Structure formats: structure tokens, C-alpha cells
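Undergrad: Below you'll find the structure I mean.
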Amino acid sequence: MVRSSLPLVALLAAATTASAGAVHGIHPEDINRNGDACTDFFDYANGAWRQQNPIPNYMDRWSRRWQSGEVNKEHVRDILTELSAKTDWPKGSAGQLAGDFYAACMDESRVDALGSKPVQPWLNEIAAINDKAGLQKAIGRLHDVGVAVPFQVYAGEDLHDPSKTIAHIYAGGLGMPDRDYYLKPEPRFVEARAKYLAHVAKMFELSGVPAAQARQDADTVFAFEKRLAEASFDNVQLRDPKLQDNATAFAGLSKLAPHFDWNAYFDAAKMPRNALNVTQPKFVQQVDRELATTPLPQWKTYLQWHVLNTAADSLSQPFVEENFAFNGKFLTGATEIKPRWKRCAEATDNQLGEALGQKYVEKYFPPEAKARMQEMVKNILLAMDDTINELDWMDPATKKKALEKRATFFPKLGYPDKFKTYDGVVVSRDSAWDNVVAASRWNVADNRSQIGKPTDRSRWGMTPPTSNAYYNPLQNEIVFPAGILQPPAFDVNATDAVNYGAIGVVIGHEISHGFDDQGAQFDAQGRLANWWTPADNKKFEAKGECVVKQFEGYFIEPGVHHNGKLVLGESIGDLAGAKIAFRAYQKSREGKGPEPTLDGFTPEQQFFLAWGQWRGDETRVETQRTMVQGDPHPIAKYRVNGPLSNLPAFREAFQCKADAAMVRPEADRCEVW
């Protein structure tokens with residue numbers, strides 16, 4: 001999904017010009033004055049900033065937005081440094097858990113001295129497996145701590161009755177980003193396969209396996225994963241909820257995969273034997289074939305690899321460096337490992353985010369920030385209502401259903417009403433990996449505990465410090481953690497135009513996900529159910545095809561372009577988000593008069609520049625290649641230029657000529673919402 005932000009803005013008296021005194025507009029120093037807004041707005045909006053601020057060696061992309069995310073981690077570090085400095089927190093308290101987890105991670109000398117010792121008991125246990133029953137028990141124990149091989153079971157809403165939470169079985173168990181890395185013939189995938197084989201072999205060597213055997217083990221792992229990849233959905237299929245809708249009675253699992261003891265697995269995991277959903281039946285059948293035909297030693301090698309792969313960043317420096325060499329340097333283009341404190345802050349947030357989040361919210365998300373966010377969300381939701389009401393391509397019956405769905409949107413802002421307590425998690429300063437295991441075990445059990453119960457709408461899918469946002473179609477909720485509700489997404493000292501142009505477009509984007517090619521398949525109650533008339537659905541799909549065609553034409557290098565169907569949802573979100581947020585901004589000024597022109601830019605220009613400056617990432621080409629392959633988000637250049645080139649309001653704001661590059665010909669112009 002996407003991102004978002006908020007707080008409290010000083011409203012200006014009516015004026016046409018002003019100096020940047022109490023409030024400011026966009027960052028004029030970021031603009032490429034040699035560029036042209038109507039030719040390449042991405043270059044114009046913050047080309048100067050990108051030229052003066054090269055991507056840090058440890059990052060794969062960089063902009064004011066990503067810089068803000070790194071500053072946010074400094075805030076998290078400051079909290080964790082304070083928590084870890086105190087050693088007499090009550091056992092099991094939020095302070096003790098987050099503080100000791102961070103301290104153990106930061107104790108680099110101890111981590112290095114331990115080498116691979118923390119993970120050896122796991123490797124030894126797998127090595128001792130002597131039959132298929134033992135193999136299945138080992139798979140279950142790995143699932144208990146979040147090692148998803150070769151599949152995973154996760155609690156989630158029932159696709160047809162989201163008020164209930166059921167088990168969903170998902171494909172897992174691949175060490176490369178997705179199936180195409182194993183199967184496609186293009187040179188970049190061939191190179192990835194060679195690098196991956198060398199990486200797996202090196203990791204085995206570091207764990208004590210002789211070099212020759214390590215190379216054989218890498219071949220075994222790759223062959224195993226390739227067979228799983230062949231049975232997996234590709235990234236476009238993974239965006240189709242109908243393909244993943246395969247309700248199954250519990251007894252049906254034994255028919256789908258008879259060589260796996262599902263009764264024993266569910267009992268050991270303390271999950272009820274209820275009806276569930278199998279997202280990829282073909283994949284589960286392939287796992288069953290592996291259980292029936294693949295020799296036990298190959299299974300053991302495969303499982304040991306995934307233990308090493310999961311644990312790598314919690315082990316000694318040679319493991320960390322080798323993990324970075326493939327997953328960082330090769331796949332993203334970053335040339336340096338992130339500073340240890342950043343990696344430890346991220347790990348603490350990932351595992352114990354709501355313990356850490358309590359302190360974060362106290363410091364960085366005041367009540368007035370939440371109030372301002374509520375106001376902006378309300379305004380943009382109302383703008384969505386106006387947009388739906390005015391559609392000329394949707395008939396009254398479908399329009400009524402669309403408005404019903406919009407009316408049930410459920411915003412979550414800043415942090416949960418009730419924080420998780422992590423009861424029973426034991427964290428110490430002895431072993432970073434053991435702490436990861438303990439926290440992962442709790443998080444897995446916490447998730448499983450929801451299966452068979454009414455859906456708890458108070459739960460969050462992101463932690464409070466997270467600099468991101470999301471939309472969940474099954475609960476029809478838009479969620480904005482406190483971590484993204486910081487400058488530059490929202491700045492209390494900025495004009496409304498800037499705030500609506502930055503965080504406002506993000507809010508509109510998340511709202512629009514409820515009506516993109518995926519979200520539009522879910523009704524007002526969050527059910528996977530058609531609410532469209534056939535004629536309107538056909539028109540909607542045609543409008544989506546316009547976006548697909550537009551993004552298919554965006555290349556990152558010769559022969560490598562975006563997959564329009566993969567990025568369709570996010571691109572509809574950006575297109576509609578910009579349109580709706582601009583409309584909400586205009587409505588927010590009713591009765592207040594126009595905002596001032598600042599630094600020579602009208603309020604309307606400030607709005608679009610705010611989006612271009614917040615979204616304007618410089619991105620390494622290696623990361624672009626990875627994104628084009630599997631990321632549903634387009635690269636930043638096309639997230640800026642693509643939607644804005646369709647908007648008449650942008651053309652009017654910058655007085656672009658009809659034949660300008662940033663003005664799509666009327667016959668090619670895309671408008672979904």
C-alpha cells in the first residue's frame with residue numbers, strides 16, 4: 001500500500017502574496033531552475049535537491065521523504081538508548097523488553113564472539129531428523145518462530161465474512177525475491193541465479209560446512225526452490241484476490257496434501273481445525289509432492305539454509321556482510337551496510353514495535369496532531385463523495401453502492417487504542433538471535449490466537465513508529481501510523497496547500513485503494529463480492545487499461561519497463577489521490593479566502609510541488625530493476641509525472657501548453673476516479 005501524515009496548521013487570512021514568515025510553502029531551493037515543470041516535473045520539483053544530496057552509501061533511494069524516515073530512526077534510537085541505559089526495568093515491562101532487545105543487538109563484540117553458536121541448536125536439530133514425521137515436526141517448529149518454509153499459515157479475515165478470522169495458507173520458502181528470478185531467461189535473472197548460488201554456498205561455509213559440500217548444498221537448495229517457484233503465482237496473479245479465494249474445509253487439506261499430517265500440525269500450533277483458505281492450492285500440492293519424493297537429506301539442507309537465511313543479520317559480522325553482499329549490494333545497489341544502530345532500531349521496531357511505540361507516541365505524536373489528521377481525513381473523504389456523485393460513467397445503482405462503501409471507511413490514526421503487552425516474552429542481553437526467536441514466537445502465537453474468533457478491528461498491521469501507511473480492503477480501513485505523520489509529509493509551519501499536496505495526496509491514495517482494481521472487488525462490508533453492474537464494471541476495467549497502457553510505456557533502461565498490470569493499483573491510487581486531495585484542499589479554503597503566493601508560487605503550484613518534492617526519490621538502478629520486477633509501486637519519477645500528466649488542474653497551475661510532455665493528449669488521458 002502507501003504512506004501518510006498530519007498535525008496542526010495556522011490558518012492564514014486572505015491574501016494574495018506574503019513572505020515566508022509564520023508559514024512557508026514548498027522548498028524553493030530544491031527546484032531545478034534549469035528545468036521545466038511542463039516537460040519533466042519530477043526533475044523540476046526537486047532536481048536541485050537530488051543533485052546536492054546524493055544517495056547515502058547504505059541507502060537504495062533518497063529524497064526528503066526518505067531522509068525524514070532516517071531521522072525518524074534517530075528518534076527511535078534516542079528512545080531505545082534511553083531505555084537500554086536503565087537495567088532495573090520490571091521484567092516483562094515495555095521498557096525492559098525494548099531496552100534489552102536493543103542492547104543485545106548493539107553488543108557487537110558479544111555477537112561476533114558467539115559466531116554461529118546461537119543458531120547451531122537449530123541446525124543440529126534439523127540434522128538429527130531421521131524420518132518424514134520428524135521433518136514435519138521440524139517444519140512446525142520453524143513456523144512457530146516465523147521461518148516460513150516451505151509454506152506459512154497466517155490468521156486473517158474470512159474473504160466472504162470479514163467479521164470472522166480464519167487461517168490462510170500461503171506460499172513461502174523462496175530465498176530470492178520471487179518466482180521469476182528462478183525461471184526467466186533474461187540476463188539479469190541469469191546473473192541473479194549465479195550470485196544466489198554463490199551466496200548460499202558461502203553462508204553454508206560460514207556455518208562450518210566444507211567448501212565442496214557447501215557448493216553441493218547450494219545446488220540442492222536452488223533446485224528445491226526452483227520447483228516451488230514453478231508452482232507459485234507470479235506477481236500479477238498475487239494481486240488478484242479471486243485467484244487466492246479457495247475456501248477449504250479442514251478435512252480438505254488431507255485431500256490436497258495427503259503426505260502432511262495436518263491434524264498434528266494444527267494441534268501443535270494450538271489452532272482450531274476449522275474451515276480455512278488456501279491461497280495457492282497448486283503450491284500446496286507441490287509441497288506434498290516434495291514430501292513424497294524428495295530425499296530427506298535434501299529437505300534437511302533446504303531447511304538449514306532457511307534458518308541461516310533468517311538468522312543472518314543476528315549473527316556475527318561475516319554472516320551480516322555476506323547477507324548484505326547479495327540482498328543489499330547486488331539486489332539494491334547500496335554499497336555499505338547500514339550503521340549497526342539503525343539495523344538494531346529497525347529490528348526492535350519489527351519485533352516489539354508496540355512496546356517501543358508507546359514511548360514513541362508520547363514524544364512525537366501529540367494529541368493536536370491526531371486532531372488535525374482527523375480533519376484532513378474527513379475533508380478528503382468528503383471530496384471522494386463529491387467525486388463519486390459527479391461521475392458521468394457510473395449508473396445510479398453502482399454509484400449508490402460506491403457511496404455506501406465510502407461511508408464505511410474506518411480511519412486509524414497514529415497508534416492503537418490498546419497496545420500489545422507481550423506477556424510472557426523473555427528478552428535478555430545475552431543473545432541477539434535468542435531474543436529474535438523469543439519475540440517472533442510470541443508474535444506468531446499472538447497472530448494464531450485470533451483464528452476462530454470474531455475479527456478484532458482494534459489490531460494494527462504496522463507499528464506506531466513506522467513511516468508508511470496502508471489500506472485493508474477486508475476491514476475497509478485506512479491506517480496512518482504516527483511515524484509517517486511527521487515533516488515533510490505534514491508540517492505545522494507549512495501552508496495548507498503543502499500539507500494537502502504531501503500527506504493529503506497520501507490520504508487520498510489510501511482512500512483510492514478501496515476503489516482500485518483490487519479494492520473495487522470488495523464491498524462495503526469488506527466482503528469479496530461484486531457490487532458493480534456489468535456495464536459499469538466494463539467501463540471501470542477500460543479506465544484501468546488506460547493506466548496499464550500508460551505505465552507499460554515507462555522504461556528504466558532499454559528493454560526494461562514497468563509491468564502496467566503489476567503497478568495498476570498503486571497508479572490508480574496516485575492518480576485518484578492527487579485529484580481528490582486537490583479537490584479537498586480547494587474545499588478546505590471555502591470561507592477562508594485564498595492562501596498566499598510564497599516564493600513566487602501560487603497555492604495551486606505549491607500543492608503539486610509538495611507532491612513532487614515529497615515523492616521525488618533518486619533511486620539506484622539496481623533497486624529500480626528489482627522494483628520493476630516485483631514491486632506494485634512504480635519508481636518515483638513515474639509516480640510523480642504519470643498521474644500529474646493526466647490532471648487538468650496541474651496543467652492549469654503551471655500554464656502548460658497542450659503539446660507539453662507533462663500534458664497527455666486528451667485521447668490518451670487517464671481518469672479512473
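As shown in the C-alpha cells, the chain order sets the letters A, B, ...; within each chain, residues go from 1, and ligands are also counted from 1 in the order they appear.
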Write out, as CSV, each residue of stretch 312-410 of chain A that has an atom at most 10 Å from stretch 606-627 of chain A, together with the closest pair of atoms and their distance in Å to one decimal, counting only C-alpha atoms, rows going by chain and rising number.
TA:
residue,atom,partner,partner_atom,distance
A:Gly328,CA,A:Thr623,CA,9.5
A:Lys329,CA,A:Glu622,CA,8.6
A:Phe330,CA,A:Glu622,CA,7.2
A:Leu331,CA,A:Glu622,CA,6.0
A:Thr332,CA,A:Thr623,CA,4.3
A:Gly333,CA,A:Glu622,CA,5.1
A:Ala334,CA,A:Arg620,CA,7.8
Undergrad: How about saving the chosen residues, N, CA and C atoms kept, as a tab-separated table (two decimals), in the first residue's frame?
TA:
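What follows is the written file selection.tsv:
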chain	number	residue	atom	x	y	z
A	328	GLY	N	21.67	-6.86	-0.25
A	328	GLY	CA	21.85	-5.42	-0.27
A	328	GLY	C	22.55	-4.94	-1.51
A	329	LYS	N	23.84	-5.23	-1.60
A	329	LYS	CA	24.65	-4.69	-2.68
A	329	LYS	C	24.16	-5.12	-4.06
A	330	PHE	N	23.93	-6.43	-4.24
A	330	PHE	CA	23.53	-6.89	-5.56
A	330	PHE	C	22.09	-6.49	-5.91
A	331	LEU	N	21.15	-6.75	-5.00
A	331	LEU	CA	19.75	-6.51	-5.33
A	331	LEU	C	19.34	-5.04	-5.28
A	332	THR	N	19.99	-4.24	-4.42
A	332	THR	CA	19.57	-2.84	-4.28
A	332	THR	C	20.59	-1.84	-4.79
A	333	GLY	N	21.85	-2.23	-4.88
A	333	GLY	CA	22.88	-1.30	-5.31
A	333	GLY	C	23.52	-0.51	-4.19
A	334	ALA	N	23.03	-0.64	-2.95
A	334	ALA	CA	23.68	0.01	-1.81
A	334	ALA	C	25.11	-0.52	-1.69
Undergrad: Which residues, written as a list of chain:residue names, have at least one atom at most 8 Å from A:Gln351, with only C-alpha atoms counted and residues fewer than 6 positions away on the same chain left out?
TA: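 The residues satisfying every condition are A:Val436, A:Ala439, A:Ser440, A:Asn443.
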Undergrad: Would you export the selected residues with N, CA and C atoms as a PDB file, in the first residue's frame, please?
TA:
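The result, written out as out18.pdb:
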ATOM      1  N   VAL A 436      15.385 -12.516  19.127  1.00  0.00           N
ATOM      2  CA  VAL A 436      14.568 -12.542  17.917  1.00  0.00           C
ATOM      3  C   VAL A 436      13.647 -13.753  17.943  1.00  0.00           C
ATOM      4  N   ALA A 439      10.807 -13.174  20.611  1.00  0.00           N
ATOM      5  CA  ALA A 439       9.801 -12.208  20.164  1.00  0.00           C
ATOM      6  C   ALA A 439       8.999 -12.753  18.987  1.00  0.00           C
ATOM      7  N   SER A 440       9.688 -13.424  18.051  1.00  0.00           N
ATOM      8  CA  SER A 440       8.983 -13.997  16.906  1.00  0.00           C
ATOM      9  C   SER A 440       7.983 -15.050  17.358  1.00  0.00           C
ATOM     10  N   ASN A 443       4.952 -13.279  18.642  1.00  0.00           N
ATOM     11  CA  ASN A 443       4.176 -12.646  17.566  1.00  0.00           C
ATOM     12  C   ASN A 443       3.409 -13.674  16.748  1.00  0.00           C
TER      13      ASN A 443
END
Undergrad: Nearest to A:Asn379 among A:Asp267, A:Asp395, A:Glu590, A:Asp446, with distances taken over only C-alpha atoms: which residue is it?
TA: A:Glu590
Undergrad: Counting only C-alpha atoms, which of A:Asn309, A:Pro258, A:Gly134, A:Lys342 gets nearest to A:Val71?
TA: A:Lys342
Undergrad: Which is closer to A:Gly25 than all the others in A:Phe601, A:Phe419, A:Trp393, A:Phe222, using only C-alpha atoms?
TA: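 The closest residue to A:Gly25 is A:Phe601.
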